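Trainee: Structure file target-v7.csv (CSV, C-alpha atoms) right here:
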```csv
chain,number,residue,atom,x,y,z
Q,1,MET,CA,6.9,-14.6,-18.3
Q,2,SER,CA,9.2,-15.8,-15.5
Q,3,LEU,CA,10.4,-13.8,-12.6
Q,4,PRO,CA,13.4,-11.5,-13.4
Q,5,ALA,CA,16.7,-13.2,-12.5
Q,6,GLU,CA,17.4,-10.8,-9.6
Q,7,GLU,CA,14.0,-11.7,-8.0
Q,8,ARG,CA,14.0,-15.5,-8.2
Q,9,SER,CA,15.7,-16.4,-4.9
Q,10,GLY,CA,13.5,-18.7,-2.8
Q,11,TRP,CA,10.6,-18.5,-5.2
Q,12,GLU,CA,10.0,-22.1,-6.2
Q,13,GLY,CA,7.0,-24.5,-6.4
Q,14,ASP,CA,3.6,-23.2,-5.5
Q,15,ALA,CA,4.8,-19.8,-4.4
Q,16,ARG,CA,6.4,-19.2,-7.7
Q,17,VAL,CA,3.4,-20.4,-9.7
Q,18,LEU,CA,1.1,-18.1,-7.6
Q,19,LEU,CA,3.3,-15.1,-8.1
Q,20,GLU,CA,3.8,-15.6,-11.8
Q,21,ALA,CA,0.0,-16.0,-12.3
Q,22,ALA,CA,-0.6,-12.8,-10.3
Q,23,VAL,CA,1.9,-10.8,-12.4
Q,24,GLU,CA,0.2,-12.0,-15.6
Q,25,ARG,CA,-3.3,-11.3,-14.3
Q,26,HIS,CA,-2.4,-7.8,-13.2
Q,27,GLY,CA,-1.0,-6.9,-16.6
Q,28,GLY,CA,2.3,-8.6,-17.0
Q,29,TRP,CA,5.9,-7.5,-16.7
Q,30,ASP,CA,6.0,-5.4,-19.9
Q,31,ALA,CA,3.1,-3.2,-18.8
Q,32,TRP,CA,4.7,-2.8,-15.3
Q,33,LYS,CA,8.1,-1.8,-16.8
Q,34,LEU,CA,6.4,0.9,-18.9
Q,35,LEU,CA,4.5,2.4,-16.0
Q,36,ARG,CA,5.8,5.9,-15.1
Q,37,SER,CA,3.4,7.1,-12.6
Q,38,VAL,CA,-0.1,6.6,-11.0
Q,39,SER,CA,-2.4,9.5,-10.2
Q,40,VAL,CA,-4.8,8.8,-7.3
Q,41,THR,CA,-7.6,11.2,-6.4
Q,42,PRO,CA,-9.3,10.3,-3.1
Q,43,LYS,CA,-13.1,10.4,-3.1
Q,44,SER,CA,-13.7,9.3,0.5
Q,45,LEU,CA,-12.0,8.1,3.6
Q,46,SER,CA,-13.6,6.6,6.7
Q,47,GLY,CA,-13.1,4.0,9.4
Q,48,MET,CA,-11.8,3.7,13.0
Q,49,LEU,CA,-8.1,4.2,12.2
Q,50,PRO,CA,-8.5,7.6,10.4
Q,51,TRP,CA,-10.9,8.8,13.1
Q,52,LEU,CA,-8.6,7.8,15.9
Q,53,LYS,CA,-5.6,9.4,14.2
Q,54,GLY,CA,-7.3,12.8,13.6
Q,55,TYR,CA,-8.6,12.7,10.0
Q,56,GLY,CA,-10.5,16.0,9.4
Q,57,GLN,CA,-9.0,17.6,12.5
Q,58,THR,CA,-5.2,17.2,12.6
Q,59,PHE,CA,-4.7,16.2,9.0
Q,60,ARG,CA,-6.7,16.1,5.8
Q,61,LEU,CA,-6.4,14.4,2.4
Q,62,PRO,CA,-4.6,15.8,-0.6
Q,63,SER,CA,-6.5,16.8,-3.7
Q,64,ARG,CA,-4.3,14.3,-5.7
Q,65,ALA,CA,-1.3,12.0,-5.2
Q,66,GLU,CA,1.2,11.3,-7.9
Q,67,ILE,CA,3.0,7.9,-7.3
Q,68,ASP,CA,6.1,6.5,-8.8
Q,69,PRO,CA,6.1,2.9,-7.4
Q,70,HIS,CA,9.4,2.1,-9.1
Q,71,ALA,CA,11.1,4.8,-7.2
Q,72,GLY,CA,9.1,4.5,-4.0
Q,73,ARG,CA,8.0,8.1,-4.3
Q,74,ALA,CA,4.6,9.8,-3.8
Q,75,VAL,CA,3.8,13.6,-4.1
Q,76,PHE,CA,0.7,14.9,-2.4
Q,77,HIS,CA,-0.8,18.0,-4.0
Q,78,ASP,CA,-2.6,20.7,-2.0
Q,79,TYR,CA,-1.3,19.0,1.2
Q,80,PRO,CA,-1.7,19.8,4.0
Q,81,THR,CA,-3.3,23.1,2.7
Q,82,LEU,CA,-4.2,24.5,-0.7
Q,83,GLY,CA,-1.1,25.0,-2.8
Q,84,ALA,CA,1.2,23.2,-0.4
Q,85,THR,CA,3.0,19.9,-1.3
Q,86,GLY,CA,4.0,16.9,0.7
Q,87,ALA,CA,6.5,14.3,-0.7
Q,88,PHE,CA,7.4,10.8,0.5
Q,89,GLU,CA,10.4,9.0,-0.9
Q,90,ARG,CA,11.7,5.7,0.5
Q,91,GLY,CA,11.0,6.6,4.1
Q,92,SER,CA,11.8,10.3,4.1
Q,93,ILE,CA,9.2,13.1,4.0
Q,94,THR,CA,9.2,16.8,3.2
Q,95,LEU,CA,6.5,19.5,3.4
Q,96,THR,CA,6.6,22.7,1.5
Q,97,ASP,CA,4.2,25.6,1.6
Q,98,ALA,CA,2.4,27.2,-1.3
Q,99,GLY,CA,5.3,29.5,-2.0
Q,100,GLY,CA,7.8,26.5,-2.2
Q,101,ALA,CA,9.4,27.2,1.2
Q,102,LEU,CA,10.4,24.1,3.2
Q,103,VAL,CA,8.2,23.6,6.2
Q,104,ALA,CA,9.4,20.2,7.4
Q,105,SER,CA,11.9,17.6,6.5
Q,106,ILE,CA,12.3,14.2,8.2
Q,107,ALA,CA,14.9,11.7,6.8
Q,108,ASP,CA,13.7,8.8,8.9
Q,109,ALA,CA,10.0,9.3,9.5
Q,110,ARG,CA,9.5,5.8,10.8
Q,111,GLY,CA,11.8,6.4,13.7
Q,112,THR,CA,9.4,9.0,15.0
Q,113,PHE,CA,6.8,6.3,15.8
Q,114,ARG,CA,8.8,4.3,18.3
Q,115,GLY,CA,7.3,3.3,21.7
Q,116,TRP,CA,4.4,5.3,23.1
Q,117,ARG,CA,4.7,7.8,20.2
Q,118,LYS,CA,2.6,5.2,18.2
Q,119,LEU,CA,-0.4,6.2,20.2
Q,120,ARG,CA,-0.4,9.9,19.2
Q,121,ARG,CA,-2.8,11.6,16.8
Q,122,TRP,CA,-1.2,12.1,13.4
Q,123,SER,CA,0.2,15.4,12.2
Q,124,PRO,CA,0.2,16.2,8.5
Q,125,ALA,CA,3.8,14.8,8.4
Q,126,ASP,CA,2.7,11.5,10.1
Q,127,ALA,CA,-0.2,11.0,7.8
Q,128,LEU,CA,2.0,11.8,4.8
Q,129,TYR,CA,4.4,9.0,5.9
Q,130,PHE,CA,1.6,6.4,6.4
Q,131,PHE,CA,-0.3,7.1,3.2
Q,132,GLY,CA,2.9,7.7,1.2
Q,133,TYR,CA,4.4,4.3,2.0
Q,134,ALA,CA,1.0,2.6,1.7
Q,135,LEU,CA,0.3,4.0,-1.8
Q,136,THR,CA,3.7,3.4,-3.2
Q,137,HIS,CA,3.8,-0.2,-1.9
Q,138,TYR,CA,0.2,-1.1,-3.0
Q,139,HIS,CA,0.8,0.2,-6.5
Q,140,GLY,CA,3.9,-1.9,-6.9
Q,141,LEU,CA,2.0,-5.1,-6.1
Q,142,PRO,CA,2.2,-7.9,-7.1
Q,143,PHE,CA,5.3,-7.0,-9.3
Q,144,THR,CA,7.6,-6.2,-6.4
Q,145,LEU,CA,6.8,-9.3,-4.3
Q,146,GLY,CA,9.7,-11.2,-5.8
Q,147,ARG,CA,12.1,-9.0,-3.8
Q,148,GLY,CA,10.8,-10.6,-0.6
Q,149,LYS,CA,11.2,-14.1,0.8
Q,150,PRO,CA,8.2,-16.5,0.6
Q,151,LEU,CA,7.5,-18.2,3.9
Q,152,GLY,CA,4.4,-20.4,3.2
Q,153,ILE,CA,1.1,-20.9,1.5
Q,154,HIS,CA,-2.2,-20.2,3.3
Q,155,ARG,CA,-5.8,-20.4,2.3
Q,156,VAL,CA,-8.9,-18.4,3.3
Q,157,ARG,CA,-12.5,-18.0,2.1
Q,158,TYR,CA,-13.6,-14.8,0.4
Q,159,ASP,CA,-17.2,-14.1,-0.8
Q,160,GLY,CA,-17.9,-17.9,-0.9
Q,161,ARG,CA,-14.7,-18.7,-2.8
Q,162,GLY,CA,-11.3,-20.0,-1.8
Q,163,LEU,CA,-8.2,-17.8,-2.0
Q,164,ARG,CA,-4.6,-19.0,-2.0
Q,165,GLY,CA,-2.1,-16.8,-0.3
Q,166,ILE,CA,1.7,-16.3,0.0
Q,167,GLU,CA,3.1,-15.2,3.3
Q,168,VAL,CA,6.1,-13.0,2.5
Q,169,GLU,CA,9.0,-11.5,4.5
Q,170,LEU,CA,9.5,-8.2,2.8
Q,171,PRO,CA,12.9,-6.5,2.5
Q,172,ALA,CA,14.1,-4.5,5.6
Q,173,GLU,CA,14.6,-1.4,3.4
Q,174,LEU,CA,11.0,-1.4,2.1
Q,175,HIS,CA,8.8,1.1,3.9
Q,176,THR,CA,5.5,-0.6,4.4
Q,177,HIS,CA,3.1,-1.7,7.2
Q,178,SER,CA,5.2,-4.7,8.5
Q,179,ARG,CA,8.0,-7.0,7.5
Q,180,ARG,CA,5.7,-10.0,7.2
Q,181,GLN,CA,2.5,-9.8,5.1
Q,182,THR,CA,0.3,-12.3,3.4
Q,183,PHE,CA,-1.2,-11.8,-0.1
Q,184,TYR,CA,-4.2,-13.8,-1.2
Q,185,PHE,CA,-5.2,-14.4,-4.8
Q,186,GLU,CA,-8.2,-15.5,-6.8
Q,187,GLU,CA,-7.7,-18.7,-8.9
Q,188,ASP,CA,-6.9,-16.5,-11.9
Q,189,GLY,CA,-4.3,-14.5,-10.0
Q,190,LEU,CA,-6.2,-11.3,-9.0
Q,191,LEU,CA,-5.1,-10.0,-5.6
Q,192,ARG,CA,-8.1,-9.8,-3.4
Q,193,ARG,CA,-6.9,-9.8,0.2
Q,194,HIS,CA,-3.8,-8.5,1.9
Q,195,ASP,CA,-3.1,-9.2,5.6
Q,196,TYR,CA,-0.6,-7.1,7.7
Q,197,VAL,CA,0.0,-5.3,11.0
Q,198,ALA,CA,0.1,-1.5,10.8
Q,199,ASP,CA,3.2,-1.3,13.0
Q,200,ILE,CA,3.3,2.5,13.3
Q,201,ALA,CA,-0.2,2.4,14.8
Q,202,GLY,CA,0.6,-0.5,17.2
Q,203,ALA,CA,0.6,-4.3,17.4
Q,204,TRP,CA,-3.2,-4.2,17.8
Q,205,ALA,CA,-3.6,-2.9,14.3
Q,206,ARG,CA,-4.0,-6.2,12.5
Q,207,GLY,CA,-5.8,-5.7,9.3
Q,208,ALA,CA,-7.4,-7.8,6.5
Q,209,HIS,CA,-7.3,-5.5,3.5
Q,210,PHE,CA,-9.8,-6.3,0.7
Q,211,TRP,CA,-9.0,-5.0,-2.8
Q,212,THR,CA,-12.1,-4.4,-4.9
Q,213,ASP,CA,-13.6,-2.4,-7.8
Q,214,PHE,CA,-10.6,-3.1,-10.1
Q,215,ALA,CA,-10.0,-1.0,-13.2
Q,216,THR,CA,-7.6,-1.6,-16.1
Q,217,VAL,CA,-5.3,1.4,-16.1
Q,218,SER,CA,-2.6,1.6,-18.8
Q,219,GLY,CA,-2.8,-2.2,-19.1
Q,220,LEU,CA,-2.5,-2.8,-15.3
Q,221,GLU,CA,-5.2,-3.9,-12.9
Q,222,MET,CA,-5.7,-1.4,-10.0
Q,223,ALA,CA,-8.1,-1.4,-7.1
Q,224,ARG,CA,-10.3,1.7,-6.6
Q,225,VAL,CA,-11.8,0.6,-3.3
Q,226,ARG,CA,-9.7,-0.4,-0.3
Q,227,HIS,CA,-11.6,-1.9,2.6
Q,228,VAL,CA,-9.7,-2.9,5.7
Q,229,VAL,CA,-11.2,-4.8,8.6
Q,230,ALA,CA,-9.8,-5.9,11.9
Q,231,ARG,CA,-8.7,-9.6,12.0
Q,232,PHE,CA,-7.8,-12.3,14.6
Q,233,GLY,CA,-5.2,-14.6,13.1
Q,234,ARG,CA,-6.5,-15.2,9.6
Q,235,ARG,CA,-10.2,-14.6,10.6
Q,236,SER,CA,-11.6,-11.3,9.4
Q,237,THR,CA,-14.2,-9.4,11.4
Q,238,PRO,CA,-17.0,-6.9,10.4
Q,239,PHE,CA,-15.1,-4.1,12.3
Q,240,VAL,CA,-14.1,-1.5,9.7
Q,241,ALA,CA,-10.6,-0.1,10.3
Q,242,LEU,CA,-10.4,1.9,7.1
Q,243,HIS,CA,-12.4,2.3,3.9
Q,244,ALA,CA,-11.1,4.4,1.0
Q,245,GLU,CA,-12.6,5.1,-2.5
Q,246,LEU,CA,-10.3,6.4,-5.2
Q,247,THR,CA,-10.2,7.4,-8.8
Q,248,ILE,CA,-7.0,6.3,-10.6
Q,249,SER,CA,-5.2,7.1,-13.9
Q,250,ALA,CA,-1.7,6.4,-15.0
Q,251,ALA,CA,1.1,7.6,-17.3
Q,252,VAL,CA,3.5,5.3,-19.2
Q,253,ARG,CA,7.1,5.8,-20.4
```
Now that the file is in, can you turn its structure into structure tokens?

Mentor:
Amino acid sequence: MSLPAEERSGWEGDARVLLEAAVERHGGWDAWKLLRSVSVTPKSLSGMLPWLKGYGQTFRLPSRAEIDPHAGRAVFHDYPTLGATGAFERGSITLTDAGGALVASIADARGTFRGWRKLRRWSPADALYFFGYALTHYHGLPFTLGRGKPLGIHRVRYDGRGLRGIEVELPAELHTHSRRQTFYFEEDGLLRRHDYVADIAGAWARGAHFWTDFATVSGLEMARVRHVVARFGRRSTPFVALHAELTISAAVR
């Protein structure tokens, strides 16, 4: 099925062929439109970035996250403590305690990471913003890519195979790692690698994010293992920035 009319601007030639193949491989437009929410339960988190930012000391993981990628919303349960709740929605975050009382509310969370403040260890609010925008963006891919502007086609090797990728300038209003990101696909359209700069950590945080252990969830392909390594240009390294393993389920409309 072709891109929706409102998401066709600039998507022509190879870029459009790649994106339409990816949409079909990941379940198709009909399954995407029916998706109501994705439930993610973290099994493990490791790597240099979580360690540097205070995982296990200044912040912890939720017991479960409920994500609505259409609305750009994520709700973290038992976060940052048992019975408490954290919510991310299009760049704003709120924290409420177990009794429902508001603990923190930040309308523009990204604005708190400017300059030297990027170097700090993360508070529960900081981690909520980072993981909230990451999870809402990831679980909208590749269906939301048409809202961005394709800039070029690139190629890399992955596990002995060639991947074709689209470099995309994402919308300014989208809360994600960086405005420019590159998405690499298998020949059949499966998203395997995702390159970006984690701007809120710093210009040094250049990652090659590998998507593995896919499961079909409510007709959609979703990665249950996310492995991010440091990269130089388009060259990936063995240095692990982040490794996460998840269980995933979904609800449909």

Trainee: I'd like the contact shell of Trp116 of chain Q - 12 Å cut-off, all atoms listed in the file, skipping same-chain residues fewer than 6 positions apart - returned as a list of chain:residue names.

Mentor: Q:Ile200, Q:Ala201, Q:Gly202, Q:Ala203

Trainee: For Ile153 of chain Q, which of Q:Asp126, Q:Glu187, Q:Glu167, Q:Asp199 is the closest residue, counting only C-alpha atoms?

Mentor: Q:Glu167

Trainee: What's around segment 216-220 of chain Q at 9 Å? Count all atoms listed in the file, leave out sequence neighbours fewer than 4 positions away in its own chain, and write the answer as a PyMOL selection string.

Mentor: chain Q and resi 25-28+31-32+35+38+248-252

Trainee: Using all atoms listed in the file, can you tell me which of Q:Ala125, Q:Leu52, Q:Leu135, Q:Leu18 comes closest to His175 of chain Q?

Mentor: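 Nearest candidate to His175 of chain Q out of Q:Ala125, Q:Leu52, Q:Leu135, Q:Leu18: Q:Leu135.
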
Trainee: In terms of the shortest atom-to-atom distance over all atoms listed in the file, which of Q:Val103, Q:Leu19, Q:Leu246, Q:Ala208 is closest to Ser63 of chain Q?

Mentor: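 Nearest candidate to Ser63 of chain Q out of Q:Val103, Q:Leu19, Q:Leu246, Q:Ala208: Q:Leu246.
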
Trainee: Counting only C-alpha atoms, which residues come within 12 Å of (2.3, 2.4, 0.5), with the point read in the file's coordinates, and could you list them as a ChimeraX atom specification?

Mentor: /Q:65,67-74,88-91,127-141,174-178,198

Trainee: To one decimal in Å, tell me the separation between atom CA of Glu245 of chain Q and atom CA of Arg226 of chain Q.

Mentor: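 Atom CA of Glu245 of chain Q sits 6.6 Å away from atom CA of Arg226 of chain Q.
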
Trainee: Find the distance between atom CA of Phe210 of chain Q and atom CA of Gly162 of chain Q and write it in Å to one decimal.

Mentor: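 About the pair atom CA of Phe210 of chain Q and atom CA of Gly162 of chain Q: they are 14.0 Å apart.
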
Trainee: Within 10 Å of (-1.6, -8.6, -6.2), all atoms listed in the file: residues as a tab-separated table (two decimals) with C-alpha atoms, keeping the file's coordinate frame?

Mentor:
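Result file is part.tsv:
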```tsv
chain	number	residue	atom	x	y	z
Q	18	LEU	CA	1.10	-18.10	-7.60
Q	19	LEU	CA	3.30	-15.10	-8.10
Q	21	ALA	CA	0.00	-16.00	-12.30
Q	22	ALA	CA	-0.60	-12.80	-10.30
Q	23	VAL	CA	1.90	-10.80	-12.40
Q	25	ARG	CA	-3.30	-11.30	-14.30
Q	26	HIS	CA	-2.40	-7.80	-13.20
Q	138	TYR	CA	0.20	-1.10	-3.00
Q	139	HIS	CA	0.80	0.20	-6.50
Q	140	GLY	CA	3.90	-1.90	-6.90
Q	141	LEU	CA	2.00	-5.10	-6.10
Q	142	PRO	CA	2.20	-7.90	-7.10
Q	143	PHE	CA	5.30	-7.00	-9.30
Q	144	THR	CA	7.60	-6.20	-6.40
Q	145	LEU	CA	6.80	-9.30	-4.30
Q	183	PHE	CA	-1.20	-11.80	-0.10
Q	184	TYR	CA	-4.20	-13.80	-1.20
Q	185	PHE	CA	-5.20	-14.40	-4.80
Q	186	GLU	CA	-8.20	-15.50	-6.80
Q	189	GLY	CA	-4.30	-14.50	-10.00
Q	190	LEU	CA	-6.20	-11.30	-9.00
Q	191	LEU	CA	-5.10	-10.00	-5.60
Q	192	ARG	CA	-8.10	-9.80	-3.40
Q	193	ARG	CA	-6.90	-9.80	0.20
Q	194	HIS	CA	-3.80	-8.50	1.90
Q	211	TRP	CA	-9.00	-5.00	-2.80
Q	221	GLU	CA	-5.20	-3.90	-12.90
Q	222	MET	CA	-5.70	-1.40	-10.00
Q	223	ALA	CA	-8.10	-1.40	-7.10
```

Trainee: Provide the atom CA of Gly111 of chain Q to atom CA of Ala172 of chain Q distance in Å, to one decimal place.

Mentor: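 Answer for the atom CA of Gly111 of chain Q to atom CA of Ala172 of chain Q separation: 13.8 Å.
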
Trainee: Taking only C-alpha atoms into account, name the residue in Q:Gly13, Q:Gly86, Q:Gly207, Q:Pro171 that is nearest to Ile106 of chain Q.

Mentor: Q:Gly86
